[in-house]
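Below is one structure; the comments refer to it alone.
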Amino acid sequence: MPESNVIAAIVETMRTLAGPHPGFRPVHAKGLVCAGTFRPSPDARRVSKAAHLQGAAVPATIRFANSSGNPEVPDGAPGVRSMAVKLQLPDGKQTDILANSVEGFVASTPEQLLEFLRAQLPDPATGKPDPQAVPRYLGKHPGAAGFVQRLMQKPVPASYAQAAYHAEHAFRFTGADGPSVFGRYHFVPEAGEAYLSPEDGGKRPSNFLRDELESRLKKGPVTFRLELQLAEAKDPTDDPTAPWPAERKRIELGRVEIISISPSSLADERRLIFDPNNLTPGIEPSTDPILAARSAAYSISYDKRSKGE
Ligand code: HEM
C-alpha cells in the first residue's frame, strides 16, 4: 500500500475504534488546555540555536489529554496520558513538542501501527475483536510488548502534574557553532511522579484529573523540567519502540511553568493542532518513519474534526 494510503487507513481505523464523536480527536479526545511559560536554561543555547532556547522566556500553550478516542472516558481508566506543548516564538511562529506518559511506542513503522489498530477491530463473524489478535501482534513485536509492560507500571497518573511525559522520537539539535547531537525530550514533573493502580483509579470521580489540576493551580504554578536525553553512538535514532538506556546523560533545556486552565479550553482544543514536525531551525527530525508519518495523519484528523465529522 502506498505510504499516504497507510496513513489515511490508520486515521480511519482510529476513528472507527473511537466511535462517532463529531468534532473530537479520534485519539487523545478528552483534553484540557492550559496557559504558561517556557524558560530556557542557561545551557540550552549551547545545544541548539533554536529561538526559544536562547535565553528569553516564551509563552506556552499546554494540552493534557487521555489517549483514548472517547471524550467521556473516566479519568481513572488505565491508559496513556499526554502533554502537548506549543511555544510562541519571537518571530510570530510556533513550535510544538508532543509527549506521552509511557516511554516508547507500539510500532516502528506506520504499517505496524495499522496492523496493531486493525487487531482491535471487531471480527465481522462475531461482532467482537479476536481476543488473540493483540497478543499475537505483541508476540511478533517485542518493542510493542515492552511498551505495554511499561504502561502497566504507570497505568493511571494521580495528577496531570505528577506524570513524566516522553516525546519518543529522536531529533537532531545543532548549536550556533557546535556539532549536532541526537536527543530525546522528557518532561519531568517538579512535583514528583505518582501513579494509581487501576483499582484505585476506578474509584476516582470521572473528571478527577481536571479537578485536581484546578485546585493545585490555585496554590501556585505547576512546573516541568524539559530534559534532553543524549544519544550515544549506537543508540537507535529511528525507532520509537526502543527507549535508550536510562543512564544516558540528560541536559536541562528549560522549564515549563503552567499558570492556569484556559476558561475556553473546549473551544481552544478544537482550534489547536499540535504537530511534532512543527520545528524551528536548530532542531531537525530524525529519519524515524513514525515521526515522518505524523504530520499527514494529524492534518487529516484536524480536517475531519474541523468539519464536525
Ligand atoms: C504514525 C504514528 C501516529 C499516528 C498516525 C498518530 C495519530 C494521531 C492523531 C490522528 C491524533 C489527533 C490529532 C488531531 O486531531 O489534532 C494524535 C494526537 C496525539 N498524538 Fe499521535 N499518532 C502517532 C504517533 C504518536 C506518537 C509516537 C506519540 C508520542 C509522543 C503521539 C502523541 C500524540 C499526542 C500527545 C497527541 C495529542 C495532541 C493534542 O493534545 O492535540 N502520537 N495522534
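Chain lettering (A, B, ...) mirrors the order of the C-alpha cells, residue numbering begins at 1 for each chain separately, and ligand numbering begins at 1 in order of display.
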Give me the residues within 12 Å of segment 44-57 of chain A as a PDB file with N, CA and C atoms, in the first residue's frame, counting only C-alpha atoms and dropping any in the same chain fewer than 2 places off.
```
ATOM      1  N   GLY A  36       0.803  28.941  30.043  1.00  0.00           N
ATOM      2  CA  GLY A  36       2.010  29.004  30.857  1.00  0.00           C
ATOM      3  C   GLY A  36       3.155  29.660  30.114  1.00  0.00           C
ATOM      4  N   THR A  37       4.358  29.360  30.595  1.00  0.00           N
ATOM      5  CA  THR A  37       5.571  29.989  30.061  1.00  0.00           C
ATOM      6  C   THR A  37       6.665  28.934  29.974  1.00  0.00           C
ATOM      7  N   PHE A  38       7.521  29.050  28.959  1.00  0.00           N
ATOM      8  CA  PHE A  38       8.722  28.206  28.904  1.00  0.00           C
ATOM      9  C   PHE A  38       9.944  29.098  29.130  1.00  0.00           C
ATOM     10  N   ARG A  39      10.773  28.720  30.107  1.00  0.00           N
ATOM     11  CA  ARG A  39      12.021  29.463  30.375  1.00  0.00           C
ATOM     12  C   ARG A  39      13.205  28.568  30.063  1.00  0.00           C
ATOM     13  N   PRO A  40      14.012  28.944  29.062  1.00  0.00           N
ATOM     14  CA  PRO A  40      15.181  28.099  28.749  1.00  0.00           C
ATOM     15  C   PRO A  40      16.229  28.189  29.844  1.00  0.00           C
ATOM     16  N   SER A  41      17.004  27.130  30.010  1.00  0.00           N
ATOM     17  CA  SER A  41      18.097  27.148  30.983  1.00  0.00           C
ATOM     18  C   SER A  41      19.324  27.777  30.314  1.00  0.00           C
ATOM     19  N   PRO A  42      20.294  28.236  31.133  1.00  0.00           N
ATOM     20  CA  PRO A  42      21.487  28.885  30.544  1.00  0.00           C
ATOM     21  C   PRO A  42      22.251  27.951  29.591  1.00  0.00           C
ATOM     22  N   PRO A  59       5.856  32.465  25.707  1.00  0.00           N
ATOM     23  CA  PRO A  59       4.555  31.949  26.141  1.00  0.00           C
ATOM     24  C   PRO A  59       4.342  30.511  25.651  1.00  0.00           C
ATOM     25  N   ALA A  60       3.647  29.715  26.464  1.00  0.00           N
ATOM     26  CA  ALA A  60       3.389  28.310  26.112  1.00  0.00           C
ATOM     27  C   ALA A  60       1.907  27.992  26.281  1.00  0.00           C
ATOM     28  N   LYS A  86       2.859  23.937  22.934  1.00  0.00           N
ATOM     29  CA  LYS A  86       3.083  24.839  21.792  1.00  0.00           C
ATOM     30  C   LYS A  86       3.786  26.084  22.316  1.00  0.00           C
ATOM     31  N   LEU A  87       4.950  26.367  21.759  1.00  0.00           N
ATOM     32  CA  LEU A  87       5.734  27.520  22.204  1.00  0.00           C
ATOM     33  C   LEU A  87       5.623  28.640  21.178  1.00  0.00           C
ATOM     34  N   GLN A  88       5.385  29.825  21.676  1.00  0.00           N
ATOM     35  CA  GLN A  88       5.236  31.008  20.814  1.00  0.00           C
ATOM     36  C   GLN A  88       6.626  31.616  20.600  1.00  0.00           C
ATOM     37  N   LEU A  89       7.126  31.598  19.366  1.00  0.00           N
ATOM     38  CA  LEU A  89       8.483  32.072  19.111  1.00  0.00           C
ATOM     39  C   LEU A  89       8.489  33.589  18.871  1.00  0.00           C
ATOM     40  N   PRO A  90       9.647  34.220  19.104  1.00  0.00           N
ATOM     41  CA  PRO A  90       9.699  35.688  18.975  1.00  0.00           C
ATOM     42  C   PRO A  90       9.301  36.169  17.574  1.00  0.00           C
ATOM     43  N   ASP A  91       9.513  35.372  16.518  1.00  0.00           N
ATOM     44  CA  ASP A  91       9.186  35.848  15.157  1.00  0.00           C
ATOM     45  C   ASP A  91       7.710  35.631  14.789  1.00  0.00           C
ATOM     46  N   GLY A  92       6.894  35.234  15.762  1.00  0.00           N
ATOM     47  CA  GLY A  92       5.465  35.050  15.484  1.00  0.00           C
ATOM     48  C   GLY A  92       5.120  33.618  15.106  1.00  0.00           C
ATOM     49  N   LYS A  93       6.158  32.778  14.823  1.00  0.00           N
ATOM     50  CA  LYS A  93       5.878  31.370  14.509  1.00  0.00           C
ATOM     51  C   LYS A  93       5.762  30.570  15.817  1.00  0.00           C
ATOM     52  N   GLN A  94       5.458  29.289  15.658  1.00  0.00           N
ATOM     53  CA  GLN A  94       5.303  28.441  16.835  1.00  0.00           C
ATOM     54  C   GLN A  94       6.058  27.136  16.619  1.00  0.00           C
ATOM     55  N   THR A  95       6.390  26.472  17.710  1.00  0.00           N
ATOM     56  CA  THR A  95       6.975  25.129  17.599  1.00  0.00           C
ATOM     57  C   THR A  95       6.346  24.238  18.667  1.00  0.00           C
ATOM     58  N   ASP A  96       6.204  22.936  18.343  1.00  0.00           N
ATOM     59  CA  ASP A  96       5.433  22.033  19.210  1.00  0.00           C
ATOM     60  C   ASP A  96       6.289  20.874  19.734  1.00  0.00           C
ATOM     61  N   PHE A 171      15.426  13.756  17.848  1.00  0.00           N
ATOM     62  CA  PHE A 171      15.584  14.929  16.970  1.00  0.00           C
ATOM     63  C   PHE A 171      17.061  15.312  16.982  1.00  0.00           C
ATOM     64  N   ARG A 172      17.469  16.056  15.928  1.00  0.00           N
ATOM     65  CA  ARG A 172      18.873  16.469  15.853  1.00  0.00           C
ATOM     66  C   ARG A 172      18.979  17.942  16.250  1.00  0.00           C
ATOM     67  N   PHE A 173      19.833  18.225  17.229  1.00  0.00           N
ATOM     68  CA  PHE A 173      19.985  19.569  17.788  1.00  0.00           C
ATOM     69  C   PHE A 173      21.323  20.134  17.351  1.00  0.00           C
ATOM     70  N   THR A 174      21.309  21.369  16.833  1.00  0.00           N
ATOM     71  CA  THR A 174      22.545  21.982  16.353  1.00  0.00           C
ATOM     72  C   THR A 174      22.703  23.379  16.947  1.00  0.00           C
ATOM     73  N   GLY A 175      23.844  23.606  17.593  1.00  0.00           N
ATOM     74  CA  GLY A 175      24.142  24.919  18.178  1.00  0.00           C
ATOM     75  C   GLY A 175      24.664  25.877  17.119  1.00  0.00           C
ATOM     76  N   ALA A 176      24.837  27.151  17.495  1.00  0.00           N
ATOM     77  CA  ALA A 176      25.278  28.169  16.538  1.00  0.00           C
ATOM     78  C   ALA A 176      26.622  27.775  15.923  1.00  0.00           C
ATOM     79  N   ASP A 177      27.546  27.256  16.748  1.00  0.00           N
ATOM     80  CA  ASP A 177      28.826  26.842  16.171  1.00  0.00           C
ATOM     81  C   ASP A 177      29.263  25.457  16.648  1.00  0.00           C
ATOM     82  N   GLY A 178      28.384  24.759  17.338  1.00  0.00           N
ATOM     83  CA  GLY A 178      28.753  23.442  17.867  1.00  0.00           C
ATOM     84  C   GLY A 178      28.352  22.331  16.915  1.00  0.00           C
ATOM     85  N   PRO A 179      28.791  21.096  17.209  1.00  0.00           N
ATOM     86  CA  PRO A 179      28.377  19.957  16.386  1.00  0.00           C
ATOM     87  C   PRO A 179      26.921  19.580  16.699  1.00  0.00           C
ATOM     88  N   SER A 180      26.342  18.715  15.863  1.00  0.00           N
ATOM     89  CA  SER A 180      24.961  18.272  16.086  1.00  0.00           C
ATOM     90  C   SER A 180      24.938  17.090  17.046  1.00  0.00           C
ATOM     91  N   VAL A 181      23.867  17.013  17.847  1.00  0.00           N
ATOM     92  CA  VAL A 181      23.659  15.840  18.706  1.00  0.00           C
ATOM     93  C   VAL A 181      22.226  15.356  18.509  1.00  0.00           C
ATOM     94  N   PHE A 182      22.037  14.025  18.654  1.00  0.00           N
ATOM     95  CA  PHE A 182      20.679  13.495  18.666  1.00  0.00           C
ATOM     96  C   PHE A 182      20.205  13.424  20.122  1.00  0.00           C
ATOM     97  N   GLY A 183      18.966  13.817  20.346  1.00  0.00           N
ATOM     98  CA  GLY A 183      18.421  13.761  21.704  1.00  0.00           C
ATOM     99  C   GLY A 183      16.941  13.465  21.693  1.00  0.00           C
ATOM    100  N   LEU A 226      12.174  20.441  31.213  1.00  0.00           N
ATOM    101  CA  LEU A 226      12.320  19.833  29.885  1.00  0.00           C
ATOM    102  C   LEU A 226      13.754  19.330  29.788  1.00  0.00           C
ATOM    103  N   GLU A 227      13.907  17.999  29.811  1.00  0.00           N
ATOM    104  CA  GLU A 227      15.254  17.418  29.756  1.00  0.00           C
ATOM    105  C   GLU A 227      15.510  16.829  28.378  1.00  0.00           C
ATOM    106  N   LEU A 228      16.745  16.930  27.931  1.00  0.00           N
ATOM    107  CA  LEU A 228      17.142  16.300  26.669  1.00  0.00           C
ATOM    108  C   LEU A 228      18.084  15.146  26.993  1.00  0.00           C
ATOM    109  N   GLN A 229      17.656  13.941  26.608  1.00  0.00           N
ATOM    110  CA  GLN A 229      18.472  12.733  26.823  1.00  0.00           C
ATOM    111  C   GLN A 229      19.347  12.567  25.582  1.00  0.00           C
ATOM    112  N   LEU A 230      20.652  12.494  25.778  1.00  0.00           N
ATOM    113  CA  LEU A 230      21.564  12.494  24.631  1.00  0.00           C
ATOM    114  C   LEU A 230      21.890  11.075  24.169  1.00  0.00           C
ATOM    115  N   ARG A 250      21.538  13.449  30.573  1.00  0.00           N
ATOM    116  CA  ARG A 250      20.440  14.377  30.282  1.00  0.00           C
ATOM    117  C   ARG A 250      20.871  15.810  30.586  1.00  0.00           C
ATOM    118  N   ILE A 251      20.436  16.715  29.723  1.00  0.00           N
ATOM    119  CA  ILE A 251      20.707  18.148  29.925  1.00  0.00           C
ATOM    120  C   ILE A 251      19.368  18.823  30.178  1.00  0.00           C
ATOM    121  N   GLU A 252      19.328  19.759  31.115  1.00  0.00           N
ATOM    122  CA  GLU A 252      18.069  20.502  31.310  1.00  0.00           C
ATOM    123  C   GLU A 252      18.003  21.637  30.294  1.00  0.00           C
ATOM    124  N   LEU A 253      16.992  21.576  29.420  1.00  0.00           N
ATOM    125  CA  LEU A 253      16.844  22.631  28.399  1.00  0.00           C
ATOM    126  C   LEU A 253      16.049  23.817  28.931  1.00  0.00           C
ATOM    127  N   GLY A 254      15.228  23.583  29.950  1.00  0.00           N
ATOM    128  CA  GLY A 254      14.419  24.677  30.481  1.00  0.00           C
ATOM    129  C   GLY A 254      13.278  24.142  31.296  1.00  0.00           C
ATOM    130  N   ARG A 255      12.334  25.034  31.626  1.00  0.00           N
ATOM    131  CA  ARG A 255      11.184  24.652  32.452  1.00  0.00           C
ATOM    132  C   ARG A 255       9.895  25.183  31.863  1.00  0.00           C
ATOM    133  N   VAL A 256       8.884  24.350  31.878  1.00  0.00           N
ATOM    134  CA  VAL A 256       7.534  24.788  31.507  1.00  0.00           C
ATOM    135  C   VAL A 256       6.797  25.057  32.809  1.00  0.00           C
ATOM    136  N   GLU A 257       6.292  26.291  32.933  1.00  0.00           N
ATOM    137  CA  GLU A 257       5.562  26.674  34.139  1.00  0.00           C
ATOM    138  C   GLU A 257       4.112  26.894  33.754  1.00  0.00           C
ATOM    139  N   LEU A 279       8.779  22.259  13.698  1.00  0.00           N
ATOM    140  CA  LEU A 279      10.075  22.503  14.327  1.00  0.00           C
ATOM    141  C   LEU A 279      10.566  23.915  13.978  1.00  0.00           C
ATOM    142  N   THR A 280      11.742  24.247  14.477  1.00  0.00           N
ATOM    143  CA  THR A 280      12.313  25.564  14.189  1.00  0.00           C
ATOM    144  C   THR A 280      13.801  25.368  13.935  1.00  0.00           C
ATOM    145  N   PRO A 281      14.460  26.241  13.108  1.00  0.00           N
ATOM    146  CA  PRO A 281      15.878  25.998  12.801  1.00  0.00           C
ATOM    147  C   PRO A 281      16.715  25.784  14.067  1.00  0.00           C
ATOM    148  N   GLY A 282      17.581  24.738  14.000  1.00  0.00           N
ATOM    149  CA  GLY A 282      18.371  24.353  15.174  1.00  0.00           C
ATOM    150  C   GLY A 282      17.882  23.026  15.734  1.00  0.00           C
ATOM    151  N   ILE A 283      16.679  22.587  15.280  1.00  0.00           N
ATOM    152  CA  ILE A 283      16.133  21.280  15.687  1.00  0.00           C
ATOM    153  C   ILE A 283      15.557  20.630  14.422  1.00  0.00           C
ATOM    154  N   GLU A 284      16.056  19.425  14.105  1.00  0.00           N
ATOM    155  CA  GLU A 284      15.606  18.762  12.872  1.00  0.00           C
ATOM    156  C   GLU A 284      15.072  17.366  13.186  1.00  0.00           C
TER     157      GLU A 284
END
```
Show me which residues are within 6 Å of ligand 1 counting only C-alpha atoms and all ligand atoms, and format the list as a CSV table (one decimal) with C-alpha atoms, in the first residue's frame.
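What ended up in selection-v6.csv:
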```csv
chain,number,residue,atom,x,y,z
A,10,ILE,CA,-4.6,4.5,10.2
A,11,VAL,CA,-6.7,7.6,10.9
A,25,ARG,CA,-9.8,13.9,18.0
A,26,PRO,CA,-10.0,10.2,17.2
A,27,VAL,CA,-7.3,9.6,19.9
A,28,HIS,CA,-6.4,11.9,22.8
A,63,ARG,CA,-2.8,20.5,26.4
A,65,ALA,CA,-5.1,14.6,27.4
A,82,SER,CA,-0.3,13.1,27.1
A,83,MET,CA,1.2,16.6,27.3
A,84,ALA,CA,1.4,18.6,24.1
A,98,LEU,CA,4.2,16.2,21.9
A,99,ALA,CA,4.8,13.7,24.7
A,100,ASN,CA,3.2,10.6,26.2
A,105,PHE,CA,5.6,3.3,21.2
A,110,PRO,CA,3.2,3.1,10.0
A,167,ALA,CA,8.4,12.8,23.3
A,168,GLU,CA,9.6,9.3,22.0
A,273,ILE,CA,-3.3,21.4,16.2
A,274,PHE,CA,0.0,20.1,17.6
A,290,ILE,CA,6.7,7.1,12.6
A,293,ALA,CA,4.0,9.8,9.1
A,294,ARG,CA,2.6,12.0,11.8
A,297,ALA,CA,-2.1,11.9,10.0
A,298,TYR,CA,-2.7,15.0,12.2
A,301,SER,CA,-7.6,14.3,11.6
A,302,TYR,CA,-7.8,18.1,12.0
```
Inset, instruction - Give me every helix (DSSP H, G or I) residue in segment 86-287 of chain A, going by DSSP on the backbone, as a ChimeraX atom specification. - result: /A:110-118,133-140,142-153,160-162,198-203,208-219,265-271
Inset, instruction - If you run DSSP over the backbone, which residues in segment 81-256 of chain A end up strand (DSSP E)? Put them as a PyMOL selection string. - result: chain A and resi 81-88+94-100+156-157+165-166+171-174+180-189+195-196+222-230+250-256
Legend entry - segment 114-118 of chain A environment, 9 Å, only C-alpha atoms, sequence neighbours closer than 2 positions dropped, as number ranges by chain: A: 6-7, 9-10, 13-14, 17, 106-107, 109-112, 120-122, 133-134, 137-138
Inset, instruction - Would you kindly return, as number ranges by chain, each protein, DNA or RNA residue with an atom no farther than 12 Å from any atom of Pro157 of chain A, considering only C-alpha atoms and excluding same-chain residues fewer than 6 positions away? - result: A: 64-66, 75-82, 100-102, 151, 163-165, 189, 192-198, 200-201, 204, 208-210, 212-213
